[in-house]
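Reproduced below: target.tsv, with TSV, C-alpha atoms.
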```
chain	number	residue	atom	x	y	z
A	232	MET	CA	0.00	0.00	0.00
A	233	SER	CA	1.31	3.46	-0.89
A	234	ASN	CA	2.35	6.02	1.70
A	235	VAL	CA	-0.44	8.27	0.43
A	236	GLN	CA	-3.07	5.68	1.23
A	237	LEU	CA	-1.56	4.88	4.62
A	238	ALA	CA	-1.54	8.53	5.66
A	239	LYS	CA	-5.11	9.36	4.73
A	240	GLN	CA	-7.94	8.98	7.20
A	241	ARG	CA	-11.19	8.42	5.32
A	242	ALA	CA	-14.61	9.65	6.37
A	243	PRO	CA	-17.19	6.88	6.87
A	244	ARG	CA	-19.03	7.77	3.64
A	245	ASN	CA	-15.89	8.28	1.57
A	246	ARG	CA	-16.13	6.13	-1.57
A	247	THR	CA	-12.60	6.67	-2.89
A	248	ILE	CA	-11.21	3.52	-4.53
A	249	THR	CA	-8.05	2.27	-2.83
A	250	ILE	CA	-5.87	-0.81	-3.13
A	251	THR	CA	-5.83	-3.33	-0.27
A	252	GLN	CA	-3.19	-5.98	0.19
A	253	ASP	CA	-5.70	-8.59	-1.04
A	254	ASP	CA	-6.29	-6.45	-4.14
A	255	ARG	CA	-2.56	-6.27	-4.74
A	256	VAL	CA	-2.11	-10.04	-4.58
A	257	ARG	CA	-5.08	-10.60	-6.90
A	258	LEU	CA	-4.40	-7.84	-9.43
A	259	LEU	CA	-0.63	-7.83	-9.84
A	260	PRO	CA	-0.70	-10.99	-12.01
A	261	THR	CA	-3.26	-9.35	-14.33
A	262	LEU	CA	-0.84	-6.58	-15.33
A	263	VAL	CA	1.23	-7.05	-18.48
A	264	THR	CA	4.82	-6.36	-17.47
A	265	GLU	CA	7.23	-8.24	-19.74
A	266	LEU	CA	8.05	-7.13	-23.26
A	267	PRO	CA	7.63	-9.98	-25.75
A	268	LYS	CA	10.60	-11.25	-27.72
A	269	HIS	CA	8.72	-10.62	-30.96
A	270	PRO	CA	6.19	-7.88	-31.86
A	271	PHE	CA	2.50	-8.63	-31.44
A	272	THR	CA	0.57	-9.32	-34.64
A	273	THR	CA	-2.73	-8.31	-33.04
A	274	LEU	CA	-3.51	-5.75	-30.36
A	275	ILE	CA	-3.68	-7.02	-26.81
A	276	THR	CA	-6.19	-5.71	-24.27
A	277	GLY	CA	-5.80	-4.79	-20.62
A	278	THR	CA	-3.26	-2.78	-18.62
A	279	ILE	CA	0.48	-2.62	-19.28
A	280	HIS	CA	2.84	-1.58	-16.49
A	281	GLY	CA	5.74	0.02	-18.30
A	282	ASP	CA	7.07	2.80	-20.49
A	283	TYR	CA	4.97	3.49	-23.57
A	284	GLN	CA	8.11	4.32	-25.57
A	285	GLU	CA	9.27	0.71	-25.22
A	286	TRP	CA	5.88	-0.92	-25.73
A	287	VAL	CA	4.96	0.93	-28.93
A	288	LYS	CA	7.87	-0.90	-30.55
A	289	VAL	CA	6.06	-4.24	-30.16
A	290	LEU	CA	2.45	-3.17	-30.84
A	291	PRO	CA	0.98	-3.76	-34.31
A	292	TYR	CA	0.50	-0.88	-36.73
A	293	GLU	CA	-2.81	0.62	-37.88
A	294	LYS	CA	-5.09	-1.04	-35.31
A	295	VAL	CA	-6.18	1.85	-33.04
A	296	ASP	CA	-9.49	3.66	-33.65
A	297	LEU	CA	-9.14	6.24	-30.85
A	298	LEU	CA	-5.98	7.56	-29.23
A	299	PHE	CA	-6.55	9.43	-25.97
A	300	LEU	CA	-3.52	11.31	-24.66
A	301	ASP	CA	-3.46	12.79	-21.17
A	302	PRO	CA	0.31	13.32	-20.77
A	303	PRO	CA	2.00	15.23	-17.94
A	304	TYR	CA	1.16	18.89	-18.51
A	305	ASN	CA	3.95	21.39	-18.93
A	306	LEU	CA	4.03	22.42	-15.27
A	307	ASP	CA	5.60	21.48	-11.95
A	308	LYS	CA	3.76	18.43	-10.65
A	309	ALA	CA	4.36	15.32	-8.55
A	310	PHE	CA	2.62	12.02	-9.31
A	311	ASN	CA	2.97	9.44	-6.53
A	312	GLY	CA	6.62	10.36	-6.01
A	313	ASN	CA	7.47	11.02	-9.67
A	314	LYS	CA	8.20	14.69	-10.28
A	315	PHE	CA	7.79	16.68	-13.49
A	316	PHE	CA	9.07	20.19	-14.09
A	317	ARG	CA	7.93	22.95	-16.41
A	318	GLN	CA	9.95	23.22	-19.62
A	319	SER	CA	10.12	25.98	-22.18
A	320	VAL	CA	7.38	25.93	-24.81
A	321	ASP	CA	9.88	24.77	-27.43
A	322	GLU	CA	11.17	21.93	-25.24
A	323	TYR	CA	7.67	20.67	-24.43
A	324	THR	CA	6.65	20.93	-28.09
A	325	LYS	CA	9.64	18.77	-29.08
A	326	TRP	CA	8.81	16.24	-26.36
A	327	LEU	CA	5.20	16.00	-27.50
A	328	ASP	CA	6.17	15.85	-31.18
A	329	HIS	CA	8.38	12.86	-30.42
A	330	ALA	CA	5.56	11.12	-28.54
A	331	LEU	CA	3.13	11.66	-31.42
A	332	SER	CA	5.65	10.51	-34.02
A	333	ILE	CA	6.10	7.09	-32.36
A	334	LEU	CA	2.39	6.65	-31.60
A	335	LYS	CA	1.12	7.65	-35.04
A	336	PRO	CA	1.97	4.33	-36.82
A	337	LEU	CA	-0.41	2.50	-34.46
A	338	LEU	CA	-3.42	4.47	-35.73
A	339	LYS	CA	-5.88	3.52	-38.43
A	340	HIS	CA	-6.41	5.86	-41.36
A	341	THR	CA	-9.84	6.62	-39.85
A	342	ALA	CA	-8.62	7.17	-36.28
A	343	SER	CA	-9.39	10.13	-34.02
A	344	ILE	CA	-6.96	11.65	-31.53
A	345	TYR	CA	-7.72	13.65	-28.38
A	346	ILE	CA	-4.88	15.41	-26.54
A	347	CYS	CA	-5.34	16.98	-23.10
A	348	GLY	CA	-3.58	20.07	-21.77
A	349	ASP	CA	-3.91	23.35	-19.94
A	350	TRP	CA	-3.62	26.90	-21.28
A	351	TYR	CA	0.18	26.84	-21.22
A	352	SER	CA	0.63	23.49	-22.98
A	353	SER	CA	-2.11	24.12	-25.56
A	354	VAL	CA	0.30	26.09	-27.74
A	355	SER	CA	2.63	23.09	-27.89
A	356	ILE	CA	-0.23	20.67	-28.49
A	357	PHE	CA	-1.45	22.57	-31.53
A	358	GLN	CA	2.03	22.99	-32.96
A	359	ALA	CA	2.97	19.34	-32.53
A	360	ALA	CA	-0.40	17.83	-33.45
A	361	SER	CA	-0.64	19.90	-36.63
A	362	GLN	CA	2.55	18.27	-37.89
A	363	HIS	CA	0.99	14.80	-37.73
A	364	PHE	CA	-2.80	15.12	-37.82
A	365	ILE	CA	-5.68	17.31	-38.90
A	366	ALA	CA	-6.46	19.56	-35.93
A	367	ARG	CA	-10.25	19.98	-35.98
A	368	ASN	CA	-11.20	21.69	-32.75
A	369	ARG	CA	-10.19	22.69	-29.26
A	370	ILE	CA	-12.57	21.62	-26.52
A	371	THR	CA	-12.43	23.72	-23.37
A	372	TRP	CA	-13.97	22.18	-20.27
A	373	GLU	CA	-14.67	23.86	-16.97
A	374	ARG	CA	-13.01	22.65	-13.79
A	375	GLU	CA	-15.34	23.67	-10.98
A	376	LYS	CA	-12.63	22.96	-8.41
A	377	GLY	CA	-9.35	24.76	-7.80
A	378	ARG	CA	-7.72	27.36	-5.58
A	379	GLY	CA	-8.20	31.05	-6.17
A	380	ALA	CA	-5.39	33.32	-7.30
A	381	LYS	CA	-4.63	36.72	-5.78
A	382	ALA	CA	-2.45	38.13	-8.57
A	383	ASN	CA	-3.93	36.37	-11.60
A	384	TRP	CA	-7.16	34.93	-12.98
A	385	LYS	CA	-8.04	31.61	-11.37
A	386	ASN	CA	-7.35	28.66	-13.66
A	387	SER	CA	-10.69	26.88	-13.93
A	388	SER	CA	-10.53	25.27	-17.37
A	389	GLU	CA	-8.55	22.75	-19.37
A	390	ASP	CA	-8.30	22.00	-23.09
A	391	ILE	CA	-8.67	18.87	-25.18
A	392	TRP	CA	-7.56	19.08	-28.81
A	393	PHE	CA	-9.61	16.99	-31.24
A	394	CYS	CA	-7.66	15.71	-34.25
A	395	THR	CA	-8.08	13.07	-36.93
A	396	MET	CA	-5.73	11.12	-39.14
A	397	SER	CA	-7.71	11.99	-42.28
A	398	ASP	CA	-11.02	13.37	-43.51
A	399	GLU	CA	-12.55	9.93	-43.02
A	400	TYR	CA	-13.42	9.52	-39.36
A	401	THR	CA	-16.23	8.65	-36.93
A	402	PHE	CA	-18.30	11.33	-35.26
A	403	ASN	CA	-21.60	10.17	-33.74
A	404	VAL	CA	-23.17	13.53	-32.94
A	405	GLU	CA	-26.52	11.98	-31.98
A	406	ASN	CA	-24.80	9.96	-29.25
A	407	VAL	CA	-23.42	12.97	-27.38
A	408	LYS	CA	-26.28	15.40	-27.06
A	409	LEU	CA	-26.55	17.49	-23.91
A	410	ARG	CA	-29.89	17.77	-22.09
A	411	ARG	CA	-30.26	21.38	-20.96
A	412	LYS	CA	-32.91	22.88	-18.74
A	413	VAL	CA	-35.21	25.27	-20.63
A	414	LEU	CA	-35.70	28.47	-18.65
A	415	ALA	CA	-38.04	30.23	-21.09
A	416	PRO	CA	-40.08	27.52	-22.87
A	417	TYR	CA	-41.34	28.47	-26.33
A	418	THR	CA	-44.53	26.92	-27.64
A	419	MET	CA	-46.19	26.61	-31.03
A	420	ASN	CA	-49.93	26.05	-31.12
A	421	GLY	CA	-49.78	25.39	-27.40
A	422	LYS	CA	-47.22	22.59	-27.72
A	423	PRO	CA	-43.52	22.56	-26.75
A	424	LYS	CA	-41.19	23.55	-29.61
A	425	ASP	CA	-37.81	21.73	-29.57
A	426	TRP	CA	-38.14	20.81	-25.89
A	427	HIS	CA	-40.03	18.34	-23.73
A	428	GLN	CA	-41.71	18.38	-20.36
A	429	SER	CA	-40.99	16.07	-17.44
A	430	MET	CA	-41.73	15.91	-13.73
A	431	ASP	CA	-38.23	17.30	-13.11
A	432	GLY	CA	-38.70	20.30	-15.39
A	433	ASN	CA	-38.50	21.34	-19.03
A	434	PHE	CA	-35.52	20.19	-21.10
A	435	ARG	CA	-34.05	20.43	-24.58
A	436	ASP	CA	-31.53	18.03	-26.12
A	437	THR	CA	-28.85	20.13	-27.81
A	438	HIS	CA	-25.96	19.33	-30.12
A	439	PRO	CA	-22.60	19.30	-28.32
A	440	SER	CA	-20.36	22.34	-28.47
A	441	ASN	CA	-16.64	22.73	-27.77
A	442	ILE	CA	-17.39	24.36	-24.40
A	443	TRP	CA	-18.13	21.76	-21.73
A	444	THR	CA	-19.57	23.12	-18.48
A	445	ASP	CA	-21.18	19.89	-17.31
A	446	ILE	CA	-18.11	17.95	-16.15
A	447	THR	CA	-17.80	17.10	-12.45
A	448	ILE	CA	-14.28	16.47	-11.16
A	449	PRO	CA	-14.31	13.17	-9.20
A	450	PHE	CA	-14.45	13.77	-5.46
A	451	TRP	CA	-14.61	11.70	-2.28
A	452	SER	CA	-18.31	10.73	-2.39
A	453	MET	CA	-18.26	9.58	-6.03
A	454	PRO	CA	-17.69	5.84	-6.60
A	455	GLU	CA	-15.22	6.53	-9.42
A	456	ASN	CA	-12.91	8.67	-7.26
A	457	THR	CA	-9.26	7.72	-6.65
A	458	ASP	CA	-6.25	9.48	-5.13
A	459	HIS	CA	-4.80	10.27	-8.55
A	460	PRO	CA	-4.21	14.06	-8.56
A	461	THR	CA	-5.37	14.69	-12.16
A	462	GLN	CA	-8.02	12.02	-12.63
A	463	LYS	CA	-10.42	12.65	-15.53
A	464	SER	CA	-14.09	11.93	-14.97
A	465	GLU	CA	-15.85	9.00	-16.60
A	466	LYS	CA	-18.38	11.40	-18.08
A	467	LEU	CA	-15.66	13.29	-19.94
A	468	LEU	CA	-14.27	10.11	-21.47
A	469	ALA	CA	-17.77	8.86	-22.29
A	470	LYS	CA	-18.38	11.94	-24.45
A	471	ILE	CA	-15.18	11.32	-26.39
A	472	ILE	CA	-15.59	7.57	-26.78
A	473	LEU	CA	-19.26	7.74	-27.80
A	474	ALA	CA	-18.56	10.50	-30.33
A	475	SER	CA	-15.47	9.05	-31.97
A	476	THR	CA	-15.86	5.27	-31.80
A	477	ASN	CA	-18.41	2.54	-32.36
A	478	PRO	CA	-18.96	-0.60	-30.25
A	479	GLY	CA	-16.08	-3.00	-30.78
A	480	ASP	CA	-13.60	-0.27	-31.78
A	481	PHE	CA	-10.18	-0.11	-30.15
A	482	VAL	CA	-9.29	2.66	-27.65
A	483	PHE	CA	-5.65	3.23	-26.66
A	484	ASP	CA	-4.29	5.36	-23.80
A	485	PRO	CA	-0.49	5.35	-23.34
A	486	PHE	CA	-0.68	7.60	-20.22
A	487	LEU	CA	-3.42	5.64	-18.46
A	488	GLY	CA	-3.13	7.06	-14.94
A	489	SER	CA	-5.86	5.58	-12.73
A	490	GLY	CA	-7.60	3.96	-15.70
A	491	THR	CA	-10.60	6.11	-16.60
A	492	THR	CA	-10.17	5.60	-20.36
A	493	SER	CA	-10.14	1.81	-20.08
A	494	VAL	CA	-12.99	1.77	-17.56
A	495	VAL	CA	-15.31	3.79	-19.80
A	496	ALA	CA	-14.27	1.86	-22.90
A	497	LYS	CA	-15.26	-1.36	-21.13
A	498	LYS	CA	-18.58	0.07	-19.97
A	499	LEU	CA	-19.37	1.22	-23.52
A	500	GLU	CA	-18.35	-2.11	-25.07
A	501	ARG	CA	-15.14	-0.99	-26.75
A	502	LYS	CA	-11.83	-2.84	-26.73
A	503	PHE	CA	-9.05	-1.09	-24.84
A	504	LEU	CA	-5.38	-1.00	-23.94
A	505	GLY	CA	-3.70	1.29	-21.43
A	506	ILE	CA	-0.04	1.81	-20.52
A	507	GLU	CA	1.04	3.34	-17.21
A	508	LEU	CA	4.53	3.82	-15.74
A	509	ASP	CA	3.46	3.80	-12.07
A	510	GLN	CA	2.52	0.42	-10.56
A	511	GLU	CA	0.14	1.87	-7.98
A	512	TYR	CA	-1.92	3.57	-10.66
A	513	CYS	CA	-1.85	0.39	-12.76
A	514	LEU	CA	-3.39	-1.46	-9.82
A	515	LEU	CA	-6.04	1.24	-9.40
A	516	ALA	CA	-6.84	0.92	-13.10
A	517	ALA	CA	-7.06	-2.86	-12.84
A	518	LYS	CA	-9.41	-2.64	-9.86
A	519	ARG	CA	-11.62	-0.08	-11.58
A	520	ILE	CA	-11.76	-2.20	-14.74
A	521	GLU	CA	-12.76	-5.14	-12.56
A	522	LEU	CA	-15.54	-3.06	-10.96
A	523	ALA	CA	-16.70	-1.93	-14.41
A	524	GLY	CA	-17.73	-5.51	-15.05
A	525	GLU	CA	-20.30	-5.18	-12.27
A	526	THR	CA	-22.02	-1.99	-13.45
A	527	LYS	CA	-22.19	0.15	-16.59
A	528	THR	CA	-23.23	3.22	-14.64
A	529	ILE	CA	-21.72	6.53	-15.80
A	530	GLN	CA	-22.63	9.50	-13.64
A	531	GLY	CA	-24.27	12.24	-15.70
A	532	PHE	CA	-25.21	10.02	-18.65
A	533	ALA	CA	-28.70	8.49	-18.95
A	534	ASP	CA	-31.31	7.72	-21.58
A	535	GLY	CA	-28.72	8.23	-24.31
A	536	VAL	CA	-27.98	11.86	-23.39
A	537	PHE	CA	-25.64	13.78	-21.12
A	538	TRP	CA	-27.11	15.93	-18.36
A	539	GLU	CA	-25.97	19.31	-17.11
A	540	ARG	CA	-24.56	19.41	-13.60
A	541	ASN	CA	-27.17	19.48	-10.84
A	542	THR	CA	-30.14	18.83	-13.13
A	543	GLY	CA	-32.43	15.82	-13.37
A	544	ASN	CA	-30.58	12.52	-13.38
A	545	MET	CA	-27.30	14.31	-12.76
A	546	LEU	CA	-28.16	14.18	-9.06
A	547	HIS	CA	-27.65	10.43	-8.86
A	548	ALA	CA	-25.66	7.72	-10.56
A	549	CYS	CA	-27.07	7.32	-14.05
A	550	LYS	CA	-27.25	4.15	-16.06
A	551	SER	CA	-25.67	4.17	-19.51
A	552	LYS	CA	-27.42	2.60	-22.44
```
Give the structure from the file, written as structure tokens.
Amino acid sequence: MSNVQLAKQRAPRNRTITITQDDRVRLLPTLVTELPKHPFTTLITGTIHGDYQEWVKVLPYEKVDLLFLDPPYNLDKAFNGNKFFRQSVDEYTKWLDHALSILKPLLKHTASIYICGDWYSSVSIFQAASQHFIARNRITWEREKGRGAKANWKNSSEDIWFCTMSDEYTFNVENVKLRRKVLAPYTMNGKPKDWHQSMDGNFRDTHPSNIWTDITIPFWSMPENTDHPTQKSEKLLAKIILASTNPGDFVFDPFLGSGTTSVVAKKLERKFLGIELDQEYCLLAAKRIELAGETKTIQGFADGVFWERNTGNMLHACKSK
């Protein structure tokens, strides 16, 4: 058990996922840890404990439908004892360009790519991604958590760059509509126009934009929460996976962290592979993937639509289709 877990005293209703010694004994053998002597001819599934730069050398080319990249941002940060330091924009751009260059051969001609960053690393993401892919949009999503700043504007958003390998790609817009509350309902001949009534209020299903204000950062009372400091929510990954893949497609995350990408891919019936350098986070991912076999619940997603924060089914765990 990590020092972080040993030091924390949990409240009785805290639902944060942790690794017990029994978990460790059970899950360690499920991790892929040894590089094969010969490259794979087909993609494997599961969780790899290792360095993505070594493993991409043995993975087959042109098999991945969706590449999700959530690399260390260009800032000072510690991850379970591993420290990262801010580089110059040029240095980070070169680092990211190298990562994309070795990952690119794994992607299908029809693949989509999503790359996460903050305001400072977004410049590097666009510069590097544009050299390899077609940059189509920049999604900005609101972080409702974070400390205030006294001499600057509080950072309360992050970016995700949406790219594709070519002009032939998947985008299921009908699968990622957002259900918004209608504050001023408009009627035609006495009937709702472009909205519907329910016992919880009046709502309209809208096409998704590149501004996401409905994402909840995992916290202690949510069953998906872990101690990973930059964990992405399952709802965020569900939007991406539903939009840019179909059931049975292959989702790859070479910076897996606590496993959200693989967890959501499993819940939405996609194949998946994740690589993570830190063993503790690999174990968290393995446990979460195991739990995903028990429920397909994704908080904030129900009836085939995503809900705004604090509206309707957003108030409880929602069942995915």
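With atom CA of A:His459 on one side and atom CA of A:Tyr304 on the other, the separation reads 14.5 Å.
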- What residues have an atom no more than 10 Å from (-12.1, 0.4, -19.6) in the file's own frame, counting only C-alpha atoms, and can you write them as JSON, numbers by chain? {"A": [276, 277, 278, 465, 482, 483, 490, 491, 492, 493, 494, 495, 496, 497, 498, 499, 500, 501, 502, 503, 504, 505, 516, 517, 519, 520, 521, 522, 523, 524]}
- Message: Between atom CA of A:Asp349 and atom CA of A:Leu300, what distance in Å does the model show, to one decimal?
- Response: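 Interatomic distance here is 12.9 Å.
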- Near stretch 328-341 of chain A, counting all atoms listed in the file, which residues have an atom at most 7 Å away, once you skip same-chain residues fewer than 4 positions from it, shown as a ChimeraX atom specification? /A:287,291-296,324,359,396-397,399-400
- Item | Radius query 12 Å about (-6.2, 15.1, -27.9), atoms used: all atoms listed in the file, as a ChimeraX atom specification | /A:297-302,327,331,342-349,352-353,355-357,359-361,364-371,389-396,468,471,475,483-484
